[in-house]
file my_file_37.cif (mmCIF, C-alpha atoms)
data_model
#
loop_
_atom_site.group_PDB
_atom_site.id
_atom_site.type_symbol
_atom_site.label_atom_id
_atom_site.label_comp_id
_atom_site.auth_asym_id
_atom_site.auth_seq_id
_atom_site.Cartn_x
_atom_site.Cartn_y
_atom_site.Cartn_z
ATOM 1 C CA GLY L 1 0.000 0.000 0.000
ATOM 2 C CA VAL L 2 0.904 3.669 -0.312
ATOM 3 C CA VAL L 3 2.546 5.304 2.695
ATOM 4 C CA THR L 4 3.713 8.848 3.398
ATOM 5 C CA GLY L 5 6.478 10.299 5.487
ATOM 6 C CA GLY L 6 9.875 11.921 5.078
ATOM 7 C CA LEU L 7 13.577 11.238 4.764
ATOM 8 C CA CYS L 8 15.918 11.264 7.715
ATOM 9 C CA ARG L 9 19.469 10.276 8.563
ATOM 10 C CA ASP L 10 20.781 8.206 11.410
ATOM 11 C CA ASP L 11 23.151 5.346 12.135
ATOM 12 C CA VAL L 12 21.463 2.110 11.047
ATOM 13 C CA SER L 13 22.661 -1.212 12.474
ATOM 14 C CA ILE L 14 21.906 -4.550 10.823
ATOM 15 C CA GLY L 15 23.275 -7.244 13.106
ATOM 16 C CA SER L 16 26.925 -6.326 13.672
ATOM 17 C CA LEU L 17 27.047 -4.020 10.626
ATOM 18 C CA THR L 18 26.466 -0.290 10.995
ATOM 19 C CA LEU L 19 25.733 2.229 8.250
ATOM 20 C CA ALA L 20 26.740 5.629 9.594
ATOM 21 C CA ASN L 21 24.544 8.651 8.819
ATOM 22 C CA TYR L 22 22.418 6.561 6.477
ATOM 23 C CA THR L 23 19.444 8.085 4.640
ATOM 24 C CA PHE L 24 16.161 6.190 4.979
ATOM 25 C CA ALA L 25 12.437 6.878 4.860
ATOM 26 C CA GLU L 26 10.511 7.424 8.092
ATOM 27 C CA VAL L 27 6.829 6.644 7.602
ATOM 28 C CA ASN L 28 4.163 8.465 9.603
ATOM 29 C CA ASN L 29 1.004 7.410 7.727
ATOM 30 C CA THR L 30 0.273 3.729 7.091
ATOM 31 C CA GLY L 31 -3.475 4.156 6.673
ATOM 32 C CA ASN L 32 -3.499 2.555 3.225
ATOM 33 C CA ILE L 33 -1.990 -0.702 4.521
ATOM 34 C CA TRP L 34 -4.771 -2.936 5.738
ATOM 35 C CA HIS L 35 -4.383 -3.752 9.453
ATOM 36 C CA TYR L 36 -0.789 -2.511 9.537
ATOM 37 C CA GLU L 37 -0.875 -2.532 13.335
ATOM 38 C CA LEU L 38 -1.380 -6.309 13.270
ATOM 39 C CA ARG L 39 1.553 -7.009 10.978
ATOM 40 C CA PRO L 40 4.478 -8.880 12.541
ATOM 41 C CA TRP L 41 7.048 -6.520 11.008
ATOM 42 C CA ASP L 42 7.964 -2.888 11.558
ATOM 43 C CA GLY L 43 9.304 -1.843 8.160
ATOM 44 C CA VAL L 44 10.900 -2.837 4.870
ATOM 45 C CA LEU L 45 14.578 -3.469 4.172
ATOM 46 C CA GLY L 46 14.870 -3.114 0.413
ATOM 47 C CA LEU L 47 17.367 -5.514 -1.161
ATOM 48 C CA GLY L 48 16.618 -4.775 -4.796
ATOM 49 C CA ILE L 49 19.368 -4.705 -7.387
ATOM 50 C CA ALA L 50 18.562 -1.084 -8.294
ATOM 51 C CA ARG L 51 17.114 1.975 -6.615
ATOM 52 C CA SER L 52 13.329 1.903 -6.920
ATOM 53 C CA ASN L 53 13.032 5.669 -6.619
ATOM 54 C CA THR L 54 15.721 7.565 -8.528
ATOM 55 C CA ALA L 55 14.366 10.857 -7.180
ATOM 56 C CA ILE L 56 15.902 9.990 -3.809
ATOM 57 C CA ASP L 57 19.662 10.500 -3.966
ATOM 58 C CA ALA L 58 20.564 7.758 -1.525
ATOM 59 C CA PRO L 59 22.062 4.286 -1.933
ATOM 60 C CA THR L 60 20.150 1.102 -1.204
ATOM 61 C CA PRO L 61 21.216 -0.739 1.976
ATOM 62 C CA MET L 62 23.197 -3.323 -0.019
ATOM 63 C CA GLU L 63 24.787 -0.621 -2.138
ATOM 64 C CA ALA L 64 25.854 1.258 0.997
ATOM 65 C CA LEU L 65 27.230 -1.891 2.641
ATOM 66 C CA VAL L 66 29.334 -2.700 -0.422
ATOM 67 C CA GLN L 67 30.541 0.857 -0.924
ATOM 68 C CA GLY L 68 31.512 1.061 2.735
ATOM 69 C CA GLY L 69 33.598 -2.116 2.517
ATOM 70 C CA LEU L 70 31.558 -3.705 5.303
ATOM 71 C CA LEU L 71 31.036 -7.097 3.638
ATOM 72 C CA ASP L 72 33.446 -9.948 2.986
ATOM 73 C CA LYS L 73 31.738 -10.492 -0.363
ATOM 74 C CA PRO L 74 29.084 -8.428 -2.210
ATOM 75 C CA VAL L 75 26.565 -11.232 -1.679
ATOM 76 C CA PHE L 76 23.533 -11.909 0.492
ATOM 77 C CA ALA L 77 21.633 -15.167 0.930
ATOM 78 C CA PHE L 78 18.323 -16.333 2.373
ATOM 79 C CA HIS L 79 17.356 -19.407 4.349
ATOM 80 C CA LEU L 80 13.601 -19.390 4.943
ATOM 81 C CA GLY L 81 12.133 -21.819 7.463
ATOM 82 C CA ARG L 82 9.412 -24.215 6.409
ATOM 83 C CA CYS L 83 5.858 -23.898 7.706
ATOM 84 C CA SER L 84 3.472 -26.761 8.392
ATOM 85 C CA LEU L 85 -0.144 -26.846 7.225
ATOM 86 C CA GLN L 86 -1.145 -26.539 10.884
ATOM 87 C CA GLY L 87 0.482 -23.107 11.082
ATOM 88 C CA GLY L 88 3.831 -23.678 12.841
ATOM 89 C CA CYS L 89 6.868 -22.088 11.172
ATOM 90 C CA LEU L 90 10.599 -22.417 11.679
ATOM 91 C CA GLY L 91 12.870 -19.401 11.760
ATOM 92 C CA GLY L 92 14.965 -18.192 8.844
ATOM 93 C CA GLU L 93 18.257 -16.436 8.327
ATOM 94 C CA LEU L 94 19.579 -13.637 6.142
ATOM 95 C CA VAL L 95 23.345 -13.686 5.611
ATOM 96 C CA LEU L 96 25.013 -10.473 4.460
ATOM 97 C CA GLY L 97 28.439 -10.924 2.916
ATOM 98 C CA GLY L 98 28.319 -14.601 1.940
ATOM 99 C CA VAL L 99 26.398 -17.849 2.378
ATOM 100 C CA GLU L 100 25.835 -20.309 5.233
ATOM 101 C CA PRO L 101 26.967 -23.855 4.213
ATOM 102 C CA GLU L 102 24.742 -25.430 6.868
ATOM 103 C CA HIS L 103 21.655 -24.365 4.908
ATOM 104 C CA TYR L 104 22.346 -25.982 1.536
ATOM 105 C CA SER L 105 23.763 -29.130 -0.037
ATOM 106 C CA GLY L 106 25.552 -29.713 -3.332
ATOM 107 C CA ASP L 107 26.621 -26.984 -5.689
ATOM 108 C CA PHE L 108 25.076 -23.695 -6.711
ATOM 109 C CA THR L 109 23.799 -23.166 -10.229
ATOM 110 C CA PHE L 110 24.508 -19.580 -11.235
ATOM 111 C CA MET L 111 22.461 -17.511 -13.683
ATOM 112 C CA ASN L 112 23.251 -13.998 -14.862
ATOM 113 C CA LEU L 113 20.570 -11.373 -14.451
ATOM 114 C CA VAL L 114 18.596 -10.506 -17.565
ATOM 115 C CA ARG L 115 17.342 -7.148 -16.294
ATOM 116 C CA ASP L 116 19.145 -4.189 -14.792
ATOM 117 C CA ASP L 117 16.363 -3.308 -12.372
ATOM 118 C CA SER L 118 15.429 -6.618 -10.729
ATOM 119 C CA TRP L 119 16.697 -10.028 -9.655
ATOM 120 C CA ALA L 120 15.411 -11.567 -12.893
ATOM 121 C CA ILE L 121 16.766 -14.722 -14.540
ATOM 122 C CA GLN L 122 15.969 -16.602 -17.725
ATOM 123 C CA LEU L 123 13.623 -19.578 -17.478
ATOM 124 C CA ASP L 124 14.215 -22.610 -19.683
ATOM 125 C CA ALA L 125 10.815 -24.156 -18.977
ATOM 126 C CA VAL L 126 7.995 -24.504 -16.444
ATOM 127 C CA THR L 127 6.294 -27.895 -16.235
ATOM 128 C CA ILE L 128 3.737 -29.641 -14.031
ATOM 129 C CA GLY L 129 4.031 -33.410 -13.899
ATOM 130 C CA GLY L 130 6.367 -33.206 -16.892
ATOM 131 C CA ARG L 131 3.830 -31.308 -19.024
ATOM 132 C CA PRO L 132 4.624 -27.740 -20.119
ATOM 133 C CA LEU L 133 2.454 -24.926 -18.836
ATOM 134 C CA SER L 134 3.061 -22.489 -21.663
ATOM 135 C CA GLY L 135 2.139 -22.518 -25.340
ATOM 136 C CA SER L 136 -1.338 -22.348 -26.890
ATOM 137 C CA SER L 137 -2.240 -25.460 -24.936
ATOM 138 C CA ALA L 138 -0.405 -27.836 -22.652
ATOM 139 C CA GLU L 139 -1.163 -30.705 -25.008
ATOM 140 C CA GLU L 140 0.522 -28.920 -27.926
ATOM 141 C CA GLY L 141 3.913 -29.119 -26.283
ATOM 142 C CA GLY L 142 4.657 -25.420 -25.809
ATOM 143 C CA ASP L 143 7.423 -24.304 -23.497
ATOM 144 C CA THR L 144 8.343 -21.177 -21.580
ATOM 145 C CA LYS L 145 11.626 -20.460 -23.345
ATOM 146 C CA GLY L 146 12.025 -16.723 -23.457
ATOM 147 C CA SER L 147 10.101 -16.008 -20.242
ATOM 148 C CA ILE L 148 11.767 -14.775 -17.091
ATOM 149 C CA ALA L 149 11.477 -15.298 -13.359
ATOM 150 C CA ILE L 150 12.090 -12.704 -10.672
ATOM 151 C CA VAL L 151 13.340 -14.295 -7.457
ATOM 152 C CA ASP L 152 11.765 -12.169 -4.745
ATOM 153 C CA SER L 153 11.741 -12.630 -0.982
ATOM 154 C CA GLY L 154 9.060 -9.941 -0.802
ATOM 155 C CA THR L 155 6.558 -12.103 -2.696
ATOM 156 C CA THR L 156 4.832 -14.661 -0.487
ATOM 157 C CA LEU L 157 3.672 -17.136 -3.119
ATOM 158 C CA LEU L 158 4.564 -18.266 -6.606
ATOM 159 C CA ALA L 159 2.994 -15.884 -9.089
ATOM 160 C CA GLY L 160 2.716 -16.311 -12.832
ATOM 161 C CA PRO L 161 0.863 -15.343 -16.003
ATOM 162 C CA ALA L 162 -2.899 -15.813 -15.711
ATOM 163 C CA LYS L 163 -3.181 -18.421 -18.486
ATOM 164 C CA GLU L 164 -0.404 -20.564 -17.070
ATOM 165 C CA VAL L 165 -1.761 -20.378 -13.525
ATOM 166 C CA ARG L 166 -5.274 -21.313 -14.687
ATOM 167 C CA ARG L 167 -3.838 -24.220 -16.680
ATOM 168 C CA LEU L 168 -1.888 -25.412 -13.637
ATOM 169 C CA ALA L 169 -5.050 -25.240 -11.525
ATOM 170 C CA ARG L 170 -7.018 -27.306 -14.040
ATOM 171 C CA MET L 171 -4.266 -29.922 -14.215
ATOM 172 C CA VAL L 172 -4.301 -30.476 -10.437
ATOM 173 C CA GLY L 173 -8.063 -30.101 -9.916
ATOM 174 C CA ALA L 174 -7.894 -26.810 -8.011
ATOM 175 C CA PHE L 175 -10.573 -24.111 -8.089
ATOM 176 C CA LEU L 176 -10.435 -20.369 -7.511
ATOM 177 C CA SER L 177 -11.357 -19.640 -3.908
ATOM 178 C CA VAL L 178 -10.884 -16.410 -1.916
ATOM 179 C CA ASN L 179 -8.465 -13.522 -2.440
ATOM 180 C CA GLY L 180 -7.304 -14.902 -5.770
ATOM 181 C CA LEU L 181 -6.041 -18.151 -4.233
ATOM 182 C CA TYR L 182 -6.725 -21.671 -5.463
ATOM 183 C CA ALA L 183 -8.042 -24.484 -3.264
ATOM 184 C CA VAL L 184 -7.465 -28.194 -3.737
ATOM 185 C CA ARG L 185 -8.303 -31.240 -1.647
ATOM 186 C CA CYS L 186 -5.453 -31.883 0.765
ATOM 187 C CA ASP L 187 -5.256 -35.566 -0.171
ATOM 188 C CA THR L 188 -4.735 -34.758 -3.859
ATOM 189 C CA GLU L 189 -1.574 -36.348 -5.253
ATOM 190 C CA LEU L 190 -0.006 -33.239 -6.707
ATOM 191 C CA PRO L 191 2.552 -33.696 -9.486
ATOM 192 C CA SER L 192 5.827 -31.801 -9.211
ATOM 193 C CA LEU L 193 5.912 -28.212 -10.410
ATOM 194 C CA VAL L 194 9.340 -27.711 -11.980
ATOM 195 C CA PHE L 195 11.088 -24.485 -12.873
ATOM 196 C CA ARG L 196 14.041 -25.168 -15.157
ATOM 197 C CA ALA L 197 16.736 -22.499 -15.203
ATOM 198 C CA GLY L 198 20.439 -22.572 -15.948
ATOM 199 C CA GLY L 199 19.986 -26.082 -17.322
ATOM 200 C CA ARG L 200 18.828 -27.417 -13.935
ATOM 201 C CA ASP L 201 15.426 -28.469 -12.630
ATOM 202 C CA PHE L 202 14.136 -26.966 -9.394
ATOM 203 C CA GLY L 203 11.077 -28.982 -8.390
ATOM 204 C CA LEU L 204 8.334 -28.306 -5.850
ATOM 205 C CA ASN L 205 6.117 -31.093 -4.526
ATOM 206 C CA ALA L 206 2.883 -31.113 -2.537
ATOM 207 C CA GLU L 207 4.687 -30.402 0.732
ATOM 208 C CA ASP L 208 6.106 -27.249 -0.831
ATOM 209 C CA LEU L 209 3.024 -26.094 -2.744
ATOM 210 C CA LEU L 210 0.265 -26.473 -0.125
ATOM 211 C CA ILE L 211 0.394 -23.541 2.272
ATOM 212 C CA PHE L 212 -2.701 -23.606 4.456
ATOM 213 C CA ARG L 213 -5.257 -26.208 5.521
ATOM 214 C CA ARG L 214 -8.907 -25.849 6.475
ATOM 215 C CA GLY L 215 -10.653 -29.155 6.973
ATOM 216 C CA ASP L 216 -10.183 -31.310 3.883
ATOM 217 C CA TRP L 217 -9.143 -28.368 1.710
ATOM 218 C CA CYS L 218 -5.736 -26.773 1.240
ATOM 219 C CA MET L 219 -4.629 -23.556 -0.420
ATOM 220 C CA LEU L 220 -2.226 -23.806 -3.324
ATOM 221 C CA GLY L 221 0.741 -21.458 -3.029
ATOM 222 C CA VAL L 222 0.287 -20.110 -6.553
ATOM 223 C CA GLN L 223 -1.491 -16.976 -7.732
ATOM 224 C CA SER L 224 -2.002 -15.038 -10.958
ATOM 225 C CA LEU L 225 -0.079 -11.915 -11.941
ATOM 226 C CA GLY L 226 -2.727 -11.056 -14.511
ATOM 227 C CA SER L 227 -3.117 -11.465 -18.233
ATOM 228 C CA GLN L 228 -0.356 -8.989 -19.140
ATOM 229 C CA ALA L 229 2.396 -10.741 -17.170
ATOM 230 C CA ASP L 230 5.174 -12.288 -19.234
ATOM 231 C CA GLY L 231 6.982 -14.188 -16.508
ATOM 232 C CA TRP L 232 6.958 -15.591 -12.987
ATOM 233 C CA GLN L 233 7.778 -14.352 -9.523
ATOM 234 C CA LEU L 234 9.448 -17.010 -7.406
ATOM 235 C CA GLY L 235 8.620 -15.937 -3.884
ATOM 236 C CA VAL L 236 8.811 -17.470 -0.432
ATOM 237 C CA VAL L 237 7.185 -20.755 -1.553
ATOM 238 C CA PHE L 238 10.163 -21.311 -3.874
ATOM 239 C CA MET L 239 12.795 -19.903 -1.511
ATOM 240 C CA ARG L 240 11.750 -22.214 1.316
ATOM 241 C CA LYS L 241 12.691 -25.160 -0.895
ATOM 242 C CA CYS L 242 15.860 -23.725 -2.424
ATOM 243 C CA TYR L 243 18.763 -21.808 -0.914
ATOM 244 C CA VAL L 244 19.310 -18.636 -2.926
ATOM 245 C CA GLN L 245 22.314 -16.362 -2.963
ATOM 246 C CA PHE L 246 22.026 -12.938 -4.554
ATOM 247 C CA ASP L 247 25.395 -11.913 -5.980
ATOM 248 C CA TRP L 248 25.155 -8.122 -6.031
ATOM 249 C CA GLY L 249 28.716 -7.732 -7.285
ATOM 250 C CA ALA L 250 28.572 -10.131 -10.234
ATOM 251 C CA ARG L 251 24.909 -9.394 -11.054
ATOM 252 C CA ARG L 252 23.853 -13.036 -10.837
ATOM 253 C CA ILE L 253 21.783 -15.433 -8.752
ATOM 254 C CA GLY L 254 22.938 -18.798 -7.411
ATOM 255 C CA ILE L 255 20.448 -21.520 -6.426
ATOM 256 C CA ALA L 256 21.244 -24.695 -4.515
ATOM 257 C CA GLU L 257 19.225 -27.423 -2.842
ATOM 258 C CA GLY L 258 18.132 -26.162 0.551
ATOM 259 C CA LYS L 259 18.441 -28.077 3.793
ATOM 260 C CA GLN L 260 15.269 -27.957 5.827
ATOM 261 C CA ALA L 261 14.181 -29.154 9.221
ATOM 262 C CA ARG L 262 10.451 -29.700 9.725
ATOM 263 C CA ALA L 263 8.095 -27.360 11.542
#
call {"tool": "encode", "arguments": {"input": "my_file_37.cif", "output": "structure tokens"}}
result
Amino acid sequence: GVVTGGLCRDDVSIGSLTLANYTFAEVNNTGNIWHYELRPWDGVLGLGIARSNTAIDAPTPMEALVQGGLLDKPVFAFHLGRCSLQGGCLGGELVLGGVEPEHYSGDFTFMNLVRDDSWAIQLDAVTIGGRPLSGSSAEEGGDTKGSIAIVDSGTTLLAGPAKEVRRLARMVGAFLSVNGLYAVRCDTELPSLVFRAGGRDFGLNAEDLLIFRRGDWCMLGVQSLGSQADGWQLGVVFMRKCYVQFDWGARRIGIAEGKQARA
């Protein structure tokens, strides 16, 4: 939602790192954010690859950390704890300046960014149960070559083009429920939803895709971006399964298999 306020300067500490005399926005009107007072967070730490508002002559937090020589490497990485359908969630971790080996296994697959303004990578394909989601119809063998995916910790779900999301819903027997979310019976044997990028498959199964349970019905962690969207947003649902490092210096993203305990 839209907020109003002003700019101020102060020392800002993030863990053991301190940005001296850093410029940030101080918000004094959150009236357009529904039930802001009930939110479990106090603000937003922008980690975008570029400044979202060029009218403000101030570096992003990551830009300031790198310019100040405060990081071992110009990299940050997310480990997001898994949640159970009953509502319990494990904690997560943001690492500034590198990665945490305890949170991933195997090697990273690195992909260069395809946009200057976002953490966007090229997608090779998106499939559900081995069947492509894109093209004029799933049966005609289309693929998603040429589409992109923005990896975004600020997006809760997976979000994609309307046609592809509707096709996915039909393939798994889900129906549109409330707030643009899709519901499916919890005992449905969901096929794997696979995002292929950098020549590697990153698959999500039922445990990853079902986000909330009410009785015999579960919510699918996928929503539509609308008919004009030309790509996907891989949000928290994806980042809980995979360990993602954002290489600010090399302008690339690395994805590895995440290690997860159970909530």
call {"tool": "residues_around", "arguments": {"input": "my_file_37.cif", "residues": "L:Met171", "least_positions_apart": "2", "cutoff": "12 Å", "atoms": "only C-alpha atoms", "output": "PyMOL selection string"}}
result
chain L and resi 127-133+137-139+164-169+173-175+184+188-193
call {"tool": "axis_aligned_box", "arguments": {"input": "my_file_37.cif", "around": "stretch 112-120 of chain L", "padding_each_side": "6 Å", "output": "lines of an AutoDock Vina configuration file"}}
result
center_x = 19.3
center_y = -8.7
center_z = -13.6
size_x = 19.8
size_y = 22.7
size_z = 19.9
call {"tool": "atom_distance", "arguments": {"input": "my_file_37.cif", "atom1": "atom CA of L:Arg196", "atom2": "atom CA of L:Val126"}}
result
6.2 Å
call {"tool": "atom_distance", "arguments": {"input": "my_file_37.cif", "atom1": "atom CA of L:Gln223", "atom2": "atom CA of L:Arg240"}}
result
16.9 Å
call {"tool": "resolve_selection", "arguments": {"input": "my_file_37.cif", "expression": "the PyMOL selection byres ((chain L and resi 225) around 6)", "output": "PDB file with C-alpha atoms, in the coordinates of the input"}}
result
ATOM      1  CA  ALA L 159       2.994 -15.884  -9.089  1.00  0.00           C
ATOM      2  CA  GLY L 160       2.716 -16.311 -12.832  1.00  0.00           C
ATOM      3  CA  PRO L 161       0.863 -15.343 -16.003  1.00  0.00           C
ATOM      4  CA  SER L 224      -2.002 -15.038 -10.958  1.00  0.00           C
ATOM      5  CA  GLY L 226      -2.727 -11.056 -14.511  1.00  0.00           C
ATOM      6  CA  ALA L 229       2.396 -10.741 -17.170  1.00  0.00           C
TER       7      ALA L 229
END
call {"tool": "closest_atom_pairs", "arguments": {"input": "my_file_37.cif", "of": "stretch 228-253 of chain L", "to": "stretch 104-116 of chain L", "cutoff": "9 Å", "atoms": "all atoms listed in the file", "output": "JSON lines"}}
result
{"residue": "L:Cys242", "atom": "CA", "partner": "L:Tyr104", "partner_atom": "CA", "distance": 7.9}
{"residue": "L:Tyr243", "atom": "CA", "partner": "L:Tyr104", "partner_atom": "CA", "distance": 6.0}
{"residue": "L:Val244", "atom": "CA", "partner": "L:Phe108", "partner_atom": "CA", "distance": 8.6}
{"residue": "L:Gln245", "atom": "CA", "partner": "L:Phe108", "partner_atom": "CA", "distance": 8.7}
{"residue": "L:Ala250", "atom": "CA", "partner": "L:Asn112", "partner_atom": "CA", "distance": 8.0}
{"residue": "L:Arg251", "atom": "CA", "partner": "L:Leu113", "partner_atom": "CA", "distance": 5.9}
{"residue": "L:Arg252", "atom": "CA", "partner": "L:Asn112", "partner_atom": "CA", "distance": 4.2}
{"residue": "L:Ile253", "atom": "CA", "partner": "L:Met111", "partner_atom": "CA", "distance": 5.4}
call {"tool": "residues_around", "arguments": {"input": "my_file_37.cif", "residues": "stretch 92-102 of chain L", "least_positions_apart": "2", "cutoff": "7 Å", "atoms": "all atoms listed in the file", "output": "MDAnalysis selection string"}}
result
chainID L and resid 71:81 90 104 245
call {"tool": "write_last_selection", "arguments": {"input": "my_file_37.cif", "atoms": "C-alpha atoms", "output": "mmCIF file, keeping the file's coordinate frame"}}
result
data_model
loop_
_atom_site.group_PDB
_atom_site.id
_atom_site.type_symbol
_atom_site.label_atom_id
_atom_site.label_comp_id
_atom_site.auth_asym_id
_atom_site.auth_seq_id
_atom_site.Cartn_x
_atom_site.Cartn_y
_atom_site.Cartn_z
ATOM 1 C CA LEU L 71 31.036 -7.097 3.638
ATOM 2 C CA ASP L 72 33.446 -9.948 2.986
ATOM 3 C CA LYS L 73 31.738 -10.492 -0.363
ATOM 4 C CA PRO L 74 29.084 -8.428 -2.210
ATOM 5 C CA VAL L 75 26.565 -11.232 -1.679
ATOM 6 C CA PHE L 76 23.533 -11.909 0.492
ATOM 7 C CA ALA L 77 21.633 -15.167 0.930
ATOM 8 C CA PHE L 78 18.323 -16.333 2.373
ATOM 9 C CA HIS L 79 17.356 -19.407 4.349
ATOM 10 C CA LEU L 80 13.601 -19.390 4.943
ATOM 11 C CA GLY L 81 12.133 -21.819 7.463
ATOM 12 C CA LEU L 90 10.599 -22.417 11.679
ATOM 13 C CA TYR L 104 22.346 -25.982 1.536
ATOM 14 C CA GLN L 245 22.314 -16.362 -2.963
#
call {"tool": "resolve_selection", "arguments": {"input": "my_file_37.cif", "expression": "the PyMOL selection byres ((chain L and resi 31) around 12)", "output": "list in words"}}
result
Gly1, Val2, Val3, Thr4, Gly5, Val27, Asn28, Asn29, Thr30, Asn32, Ile33, Trp34, His35, Tyr36 and Glu37 of chain L
call {"tool": "residues_around", "arguments": {"input": "my_file_37.cif", "residues": "stretch 147-155 of chain L", "least_positions_apart": "6", "cutoff": "7 Å", "atoms": "only C-alpha atoms", "output": "PyMOL selection string"}}
result
chain L and resi 118-123+230-236
call {"tool": "atom_distance", "arguments": {"input": "my_file_37.cif", "atom1": "atom CA of L:Gly215", "atom2": "atom CA of L:Cys186"}}
result
8.5 Å
call {"tool": "closest_residue", "arguments": {"input": "my_file_37.cif", "among": "L:Gly15, L:Gly254, L:Gly68, L:Gly221", "to": "L:Leu158", "atoms": "all atoms listed in the file"}}
result
L:Gly221
call {"tool": "resolve_selection", "arguments": {"input": "my_file_37.cif", "expression": "the PyMOL selection byres ((chain L and resi 60) around 8)", "output": "ChimeraX atom specification"}}
result
/L:46-48,50-51,58-59,61-64
call {"tool": "closest_residue", "arguments": {"input": "my_file_37.cif", "among": "L:Phe202, L:Leu65, L:Thr156, L:Asp57", "to": "L:Ala125", "atoms": "only C-alpha atoms"}}
result
L:Phe202
call {"tool": "residues_around", "arguments": {"input": "my_file_37.cif", "residues": "L:Leu7", "least_positions_apart": "6", "cutoff": "8 Å", "atoms": "all atoms listed in the file", "output": "PyMOL selection string"}}
result
chain L and resi 23-26
